[in-house]
Every structure is written in C-alpha cells, then in structure tokens.
Amino acid sequence: MTYAVEAIGLTKYYGSFLAVDHIGFQVKKGEIFGFLGPNGAGKTTTIRMLTGVSTPTDGTASIMDYDIVKQSVEAKALMGIVPDVSNVYDELSAWDNLVFTGNLYGVPKRRLEDKAEALLKRFDLYDRRSEKVRGFSRGMKRKVCIAMALVNDSEILFLDEPTSGLDVESVREIRQMVRALNEEGLTVFLTTHNLEEANQMCDRIAIMNRGKIAAIDTPERLRQIMHNVQSVEVSFKEAPMNLPEELQQMGAVSSVEKHGDKYRIFTNEPPLVLKEVWDYAEKHGLVPISINTLGPSLEDVFVKLTGREMEEELIRGGRATAQNMSRGEMR
Amino acid sequence: MSKVSKWDELRRSWVIAMNDTRIYYLRPAAIMFGVLFPFTLFLSFTVGRDVPLETLAPLLLAQTVFWASSSIAPVSIPVERRVRTFDRYLSAPLSLVSVLFGKTLAGMLYGLAISTLALLLGIFAFGTTITSVFALILGVGLASLEFSAMGIMFASIPTESPGEVMMPMNFVRIPLLFISGLYIPISQLPAIGQAAAFLSPLTHTLDLIKYGLGGSSYFGTPVNTAMLVLYTLLFIGIGISFHKRIMRTQ
C-alpha cells in the first residue's frame with residue numbers, strides 16, 4: 001500500500017541531543033493526521049525532516065513512496081508546506097509571492113496564473129493581490145502562505161502550528177479552509193499543541209513527547225483507552241470539610257480532586273461510584289447541587305502520556321509563537 | 001507526476017536568481033559592500049597619486065567585480081535563514097546544488113552589472129580601449145562566478161545575521177587587495193609576496209583584465225584561467241559541503 005507519508009526509525013540528533021528518537025508512523029492518503037505534543041517534543045524537527053529541509057541522522061521517510069533523501073526532488077514536488085512562521089516575501093505582492101512559488105515548482109505560466117487567481121479569490125485576497133505583503137495582518141500572511149503551499153497542486157499539505165498567534169476569526173477561517181481542502185482529497189499533516197484543534201480536525205493523532213511517539217490513534221479511541229480517567233463530578237450545597245477523605249474511602253475510587261465547589265472523583269467504574277455517592281449524601285443529609293459523569297478528555301490523555309499540563313504548554317506555546325513572529329517580521 | 005529534469009532544475013535556479021535581483025540588489029549592505037566600497041577604495045588609492053591613466057580601468061574593474069559578486073549571498077542567505085524563506089528553497093523540488101547555483105547566479109549577475117558600469121567609466125573617463133575581448137570576458141565572467149561562489153562559501157556560516165558573514169569575509173577580502181598587484185605591482189613584491197600573489201584569485205582576475213584592456217599579463221592567460229577555474233570549483237565545492245553539513249546538523 002502506498003502511504004502519503006511513511007516514517008521508519010526516523011531519528012535526529014543535534015550534537016549529542018536526541019531530538020527525534022527512532023519514530024515510525026504512516027499517514028494514509030486523504031486523511032488529516034495530527035502531530036500533537038508539547039513544545040520541544042520534536043514535532044517541528046520531524047516536519048523539517050519530512051519536507052527535506054533537514055537531513056535525518058538515521059532512519060527513512062517517504063512521500064508517496066519517494067524517499068525524502070534519495071528521491072528528494074520527486075518527493076518535494078508532491079508537497080506544500082506551511083511552516084510555523086509565515087515565510088512569505090514581504091517585499092513582494094501577494095500575487096508575486098504565488099507566481100514566484102509556482103515558478104519554483106515549474107508550474108506552466110497559463111496554469112499558474114489561473115491557479116494564483118483562483119487561490120487568491122478563495123482566500124479572499126484577490127482585491128489586495130497587488131499590495132506588498134509587508135502591510136498584511138498576521139492572518140492574511142498566513143493565508144498567503146497557505147495559498148503558496150497549494151499553488152503547485154500539492155497532494156500533501158504540511159501545516160506546522162497553522163493557527164498559532166492568530167485571532168479567533170482567522171483561526172476559524174483557516175480551520176474551515178483546511179477541512180474544505182481535505183474534503184477535496186488533500187492529505188493534511190498537521191502539527192499542533194492545541195488539543196481542541198487536533199480533536200476537531202484530525203482523523204488520527206500521534207502524540208509525541210521527548211522525541212518519541214507516545215500513542216497513535218483516532219481522537220475517540222485515545223479517549224477510550226483512558227478508562228481510569230473517567231470521573232464523577234459532584235457538588236453539594238454544604239459540603240463537610242473532610243468530604244475529600246470520605247470520598248477517597250469509597251470502593252473503586254482512584255483519586256479525588258477539588259475543582260472550585262466541585263469534587264472530581266476519578267474511577268474506572270462510574271456507575272458504582274455514583275451509587276455510593278448518592279448513598280453517602282442521603283446518609284449524611286447532604287443536598288447535591290449537581291452530579292455528572294465525565295469521560296476522559298483528550299487533555300487527560302495528553303497529560304497522562306506526556307506528564308505535562310496542557311494549560312502550561314499553551315502559555316509557553318503562545319510565548320514561543322510571539323517570539324517567532326517578532327523574529328520572523330524583523331528585517 | 002512528470003520527472004524533474006536537469007533543465008527544469010536550471011530554470012528553477014534562474015527563478016531564484018531573478019528573485020534575489022528583485023529583493024537583495026538594493027539592500028543597504030549589498031550597495032555598501034558591492035558598490036560604494038570598491039569605488040571608494042579605488043578613489044582613496046588613486047586620487048593624488050602619480051598613477052598612469054591606462055592602469056586605472058583594470059584596477060577599478062577588478063575591484064568592482066571582486067566586491068560586487070561576493071556581496072550578494074552574504075546578505076541574502078543569512079536574511080533568508082532569519083525569515084525562513086531559505087527553507088522554501090530547501091523544500092522546493094530542486095537539489096541543494098541547484099539552489100546554491102541560483103544564489104551564485106544572483107551574485108554573478110550583480111558583479112557583471114556593476115563591473116559593466118566600471119568598464120564604461122574606464123572607457124569614457126580614462127580613454128581605456130579593449131584589446132582582447134576574449135581575455136576581458138574570460139576575466140570578468142570567470143571572476144564574477146568565482147567571487148560569487150566565494151560569497152556562497154562564507155554564507156555557509158550558520159548565522160542569521162549578514163554582519164556575521166561579512167566580517168570574517170572582509171578579513172579575507174581586504175588583505176587580498178594588498179597582495180594581488182592592485183596597488184603594488186607584483187614585480188616589486190618580495191619573493192614571499194609574489195608567491196602569495198600567485199595564490200590570490202584576485203591577482204589572476206586583474207592579470208586577465210589588464211591583458212584585455214591593453215596591458216601585459218604577468219602570469220599568462222592559461223595560468224590565470226586555470227587558477228580562476230580551480231578557485232571557482234573549490235569555493236563551490238566547499239560551499240555545497242558546508243551547506244549540506246548545516247542540513248545535517250540543524
């Protein structure tokens with residue numbers, strides 16, 4: 001079977017630091033494959049190896065069966081790349097950026113002009129096609145960057161943190177565009193540290209941590225494998241001080257966490273815990289305000305596999321993106 | 001998918017070169033080191049000195065081709081690393097050699113353009129005449145390719161700042177001015193100076209240009225040509241090897 005992307009034992013050392021540690025995975029044609037992980041997990045290094053920008057220290061990777069090192073020209077002709085920083089030419093207009101990219105990929109003149117026009121119209125940039133990109137907003141530059149990645153009729157689109165640092169409206173637009181492109185048959189390889197983005201968009205997700213792949217599956221299956229992070233969330237009108245300890249004593253309870261006025265009771269048997277909580281409330285005359293059972297979220301899976309809190313990662317990611325943006329725009 | 005031929009790659013190298021002409025030719029660093037520097041140096045060393053008029057044009061021409069050709073890649077490559085547009089070339093369907101060839105062409109064309117201005121100045125201001133078109137074309141053409149390749153070699157220093165490429169490069173470029181027969185004739189140099197002059201690529205550029213503009217050649221056209229070809233291959237080889245190393249290590 002021909003995979004859109006296949007990596008076997010892909011490894012990258014920076015000096016003595018092992019950034020990517022013998023990873024292997026396959027991306028099927030037509031799927032949106034998410035590469036999820038905290039900052040420094042090795043996501044960007046992996047994408048740089050897959051796109052021919054960085055040479056792997058060990059292992060192989062192929063794009064539609066073309067080896068990225070031995071048949072790099074053929075492999076690279078099939079892909080479009082949107083890196084984590086919008087690497088457009090600020091000195092050129094949106095139109096010229098697309099024409100330059102098309103020429104670099106050998107797209108015939110007539111087809112290139114038709115394609116550039118269609119893409120700029122699709123991305124709502126056609127009216128500003130003659131303006132230099134320097135004056136564009138971040139979201140607009142991102143759209144130019146995505147259009148540049150599509151001008152060669154690429155079969156695989158690599159998107160590295162496509163929505164980082166963008167406003168809510170631009171994020172929504174870009175996600176819609178990516179979904180629409182995928183529905184038209186484009187394979188999408190997406191790296192992100194945004195769990196919700198991965199959950200909403202991806203057919204399958206690989207969770208990467210410290211250079212290794214911790215898990216690969218569909219978002220739903222990843223949630224299902226985390227039985228022990230199912231929970232019952234309960235809130236009482238007046239809770240006794242020792243309630244957490246009392247709840248912890250119940251059978252099948254693995255841990256109890258207090259979240260504001262709610263108590264989250266982690267268990268692999270929610271119905272049993274639900275009954276015990278109800279009995280306990282009746283016995284002690286407690287008035288429940290709310291009782292909910294919660295399935296594991298993708299965040300729970302992520303925390304379990306990477307041992308890091310996502311909120312902390314998002315804050316760090318936001319800072320890193322802001323730094324990258326300012327570095328990228330500095331001339 | 002149609003196969004990407006060598007001809008296709010060559011055309012894409014040309015696309016890179018043309019893009020560089022639009023974006024980097026008028027950058028302050030390119031104008032300063034590629035245009036102002038050679039003309040200012042020329043004026044500093046000739047005005048007020050008893051220099052025969054017929055020797056002025058070769059001096060100016062050799063200096064302009066030397067400085068201008070070698071000044072584009074040290075500006076464009078670090079800047080493109082910083083704004084990540086260099087990644088566009090590396091991920092485009094052409095080999096690293098073709099990418100660097102495109103960058104070399106950009107420097108070469110800059111050198112040819114600026115040295116053409118210097119030649120016109122020589123013809124109209126100093127009354128210079130061309131006696132060997134072949135030697136002149138060979139000298140300017142090969143030198144622009146060679147010095148542009150030298151710029152590519154220095155631009156393989158893994159930095160995102162043009163200044164960090166220009167500085168070490170000027171440590172090489174400036175001393176070459178004094179050992180290449182530009183201001184002190186080779187025949188007047190001590191034996192060690194003459195040996196150093198022979199090893200300087202600028203010596204052979206000047207020698208060929210001098211011959212093309214009515215002067216005499218010290219080493220002879222075949223030796224000059226061989227040395228320029230040798231240095232071109234050496235700079236290209238080292239440049240490619242260093243850039244490959246960056247791809248492996250970064």
# chains A, B, ... in the order shown; residues from 1 in each chain; ligands from 1

$ interface_residues --of "chain A" --to "chain B" --cutoff "8 Å" --atoms "only C-alpha atoms" --output "ChimeraX atom specification"
/A:13-15,51-57,72-77,81,85,87-89,91,100,103-106,327-331

$ write_last_selection --atoms "N, CA and C atoms" --output "mmCIF file, in the first residue's frame"
data_model
loop_
_atom_site.group_PDB
_atom_site.id
_atom_site.type_symbol
_atom_site.label_atom_id
_atom_site.label_comp_id
_atom_site.auth_asym_id
_atom_site.auth_seq_id
_atom_site.Cartn_x
_atom_site.Cartn_y
_atom_site.Cartn_z
ATOM 1 N N TYR A 13 19.619 13.844 15.685
ATOM 2 C CA TYR A 13 20.471 14.322 16.775
ATOM 3 C C TYR A 13 20.893 15.748 16.466
ATOM 4 N N TYR A 14 20.888 16.622 17.482
ATOM 5 C CA TYR A 14 21.546 17.923 17.390
ATOM 6 C C TYR A 14 22.769 17.820 18.284
ATOM 7 N N GLY A 15 23.904 17.562 17.707
ATOM 8 C CA GLY A 15 25.094 17.279 18.521
ATOM 9 C C GLY A 15 24.856 15.984 19.275
ATOM 10 N N THR A 51 10.021 17.202 5.131
ATOM 11 C CA THR A 51 9.907 18.118 3.992
ATOM 12 C C THR A 51 11.257 18.402 3.328
ATOM 13 N N GLY A 52 12.289 17.731 3.764
ATOM 14 C CA GLY A 52 13.585 17.845 3.097
ATOM 15 C C GLY A 52 14.427 19.024 3.533
ATOM 16 N N VAL A 53 13.972 19.758 4.541
ATOM 17 C CA VAL A 53 14.731 20.930 4.995
ATOM 18 C C VAL A 53 15.917 20.489 5.856
ATOM 19 N N SER A 54 15.731 19.429 6.606
ATOM 20 C CA SER A 54 16.781 18.921 7.489
ATOM 21 C C SER A 54 17.015 17.437 7.179
ATOM 22 N N THR A 55 18.266 17.042 7.161
ATOM 23 C CA THR A 55 18.581 15.649 6.815
ATOM 24 C C THR A 55 18.493 14.775 8.071
ATOM 25 N N PRO A 56 17.772 13.640 8.003
ATOM 26 C CA PRO A 56 17.700 12.772 9.193
ATOM 27 C C PRO A 56 19.074 12.203 9.551
ATOM 28 N N THR A 57 19.317 12.027 10.836
ATOM 29 C CA THR A 57 20.558 11.389 11.260
ATOM 30 C C THR A 57 20.485 9.893 10.965
ATOM 31 N N SER A 72 14.588 13.091 -3.300
ATOM 32 C CA SER A 72 14.025 14.283 -2.648
ATOM 33 C C SER A 72 13.288 15.202 -3.626
ATOM 34 N N VAL A 73 13.796 15.341 -4.841
ATOM 35 C CA VAL A 73 13.159 16.267 -5.787
ATOM 36 C C VAL A 73 11.744 15.780 -6.123
ATOM 37 N N GLU A 74 11.601 14.474 -6.374
ATOM 38 C CA GLU A 74 10.288 13.901 -6.713
ATOM 39 C C GLU A 74 9.340 14.013 -5.507
ATOM 40 N N ALA A 75 9.888 13.716 -4.322
ATOM 41 C CA ALA A 75 9.060 13.761 -3.105
ATOM 42 C C ALA A 75 8.579 15.191 -2.839
ATOM 43 N N LYS A 76 9.501 16.149 -2.999
ATOM 44 C CA LYS A 76 9.156 17.531 -2.666
ATOM 45 C C LYS A 76 8.173 18.138 -3.669
ATOM 46 N N ALA A 77 8.159 17.583 -4.891
ATOM 47 C CA ALA A 77 7.218 18.096 -5.901
ATOM 48 C C ALA A 77 5.767 17.821 -5.507
ATOM 49 N N ILE A 81 4.060 23.255 1.836
ATOM 50 C CA ILE A 81 4.487 23.396 3.235
ATOM 51 C C ILE A 81 4.120 24.762 3.798
ATOM 52 N N VAL A 85 6.230 29.710 11.005
ATOM 53 C CA VAL A 85 6.321 31.154 10.776
ATOM 54 C C VAL A 85 5.930 31.397 9.317
ATOM 55 N N ASN A 87 6.520 32.350 6.168
ATOM 56 C CA ASN A 87 7.741 32.761 5.445
ATOM 57 C C ASN A 87 7.420 33.255 4.038
ATOM 58 N N VAL A 88 6.690 34.356 4.005
ATOM 59 C CA VAL A 88 6.369 34.980 2.720
ATOM 60 C C VAL A 88 7.403 36.080 2.461
ATOM 61 N N TYR A 89 7.502 36.503 1.207
ATOM 62 C CA TYR A 89 8.409 37.618 0.888
ATOM 63 C C TYR A 89 7.655 38.925 1.091
ATOM 64 N N GLU A 91 8.582 41.830 0.651
ATOM 65 C CA GLU A 91 8.878 42.839 -0.386
ATOM 66 C C GLU A 91 8.025 42.635 -1.634
ATOM 67 N N PHE A 100 6.007 33.493 -7.881
ATOM 68 C CA PHE A 100 7.372 33.039 -7.596
ATOM 69 C C PHE A 100 7.369 31.565 -7.167
ATOM 70 N N ASN A 103 6.621 29.273 -10.067
ATOM 71 C CA ASN A 103 7.798 29.138 -10.942
ATOM 72 C C ASN A 103 8.842 28.218 -10.327
ATOM 73 N N LEU A 104 8.971 28.313 -9.010
ATOM 74 C CA LEU A 104 9.948 27.457 -8.315
ATOM 75 C C LEU A 104 9.556 25.977 -8.423
ATOM 76 N N TYR A 105 8.250 25.733 -8.577
ATOM 77 C CA TYR A 105 7.762 24.355 -8.709
ATOM 78 C C TYR A 105 7.538 23.974 -10.179
ATOM 79 N N GLY A 106 7.894 24.892 -11.085
ATOM 80 C CA GLY A 106 7.788 24.570 -12.518
ATOM 81 C C GLY A 106 6.368 24.501 -13.037
ATOM 82 N N ARG A 327 10.478 37.612 15.501
ATOM 83 C CA ARG A 327 11.748 37.321 14.837
ATOM 84 C C ARG A 327 11.546 37.272 13.331
ATOM 85 N N GLY A 328 10.435 36.631 12.930
ATOM 86 C CA GLY A 328 10.159 36.482 11.504
ATOM 87 C C GLY A 328 9.881 37.805 10.818
ATOM 88 N N GLU A 329 9.308 38.745 11.560
ATOM 89 C CA GLU A 329 8.939 40.011 10.936
ATOM 90 C C GLU A 329 10.051 41.041 11.025
ATOM 91 N N MET A 330 11.091 40.715 11.803
ATOM 92 C CA MET A 330 12.186 41.664 11.977
ATOM 93 C C MET A 330 13.073 41.665 10.735
ATOM 94 N N ARG A 331 13.315 42.762 10.139
ATOM 95 C CA ARG A 331 14.149 42.812 8.929
ATOM 96 C C ARG A 331 15.112 43.966 8.992
#

$ residues_around --residues "region 109-115 of chain A" --least-positions-apart "5" --cutoff "8 Å" --atoms "only C-alpha atoms" --output "PyMOL selection string"
chain A and resi 99+102-103+151

$ atom_distance --atom1 "CA of Phe235 (chain B)" --atom2 "CA of Thr64 (chain B)"
19.1 Å

$ select_by_dssp --residues "region 8-147 of chain B" --states "helix (DSSP H, G or I)" --output "PyMOL selection string"
chain B and resi 8-24+28-46+53-69+73-82+86-90+96-126+133-147

$ select_by_dssp --residues "region 92-289 of chain A" --states "strand (DSSP E or B)" --output "PyMOL selection string"
chain A and resi 93+132+156-160+187-192+204-209+212-217+230-236+253-259+262-267+288-289

$ residues_around --residues "Thr306 (chain A)" --least-positions-apart "4" --cutoff "10 Å" --atoms "only C-alpha atoms" --output "list of chain:residue names"
A:Gly37, A:Pro38, A:Ala41, A:Ile207, A:Met208, A:Asn209, A:Arg210, A:Ala214, A:Asp300, A:Val301, A:Phe302, A:Met310

$ atom_distance --atom1 "CA of Val178 (chain A)" --atom2 "CA of Leu298 (chain A)"
21.1 Å

$ atom_distance --atom1 "CA of Gly139 (chain A)" --atom2 "CA of Ser86 (chain A)"
9.4 Å
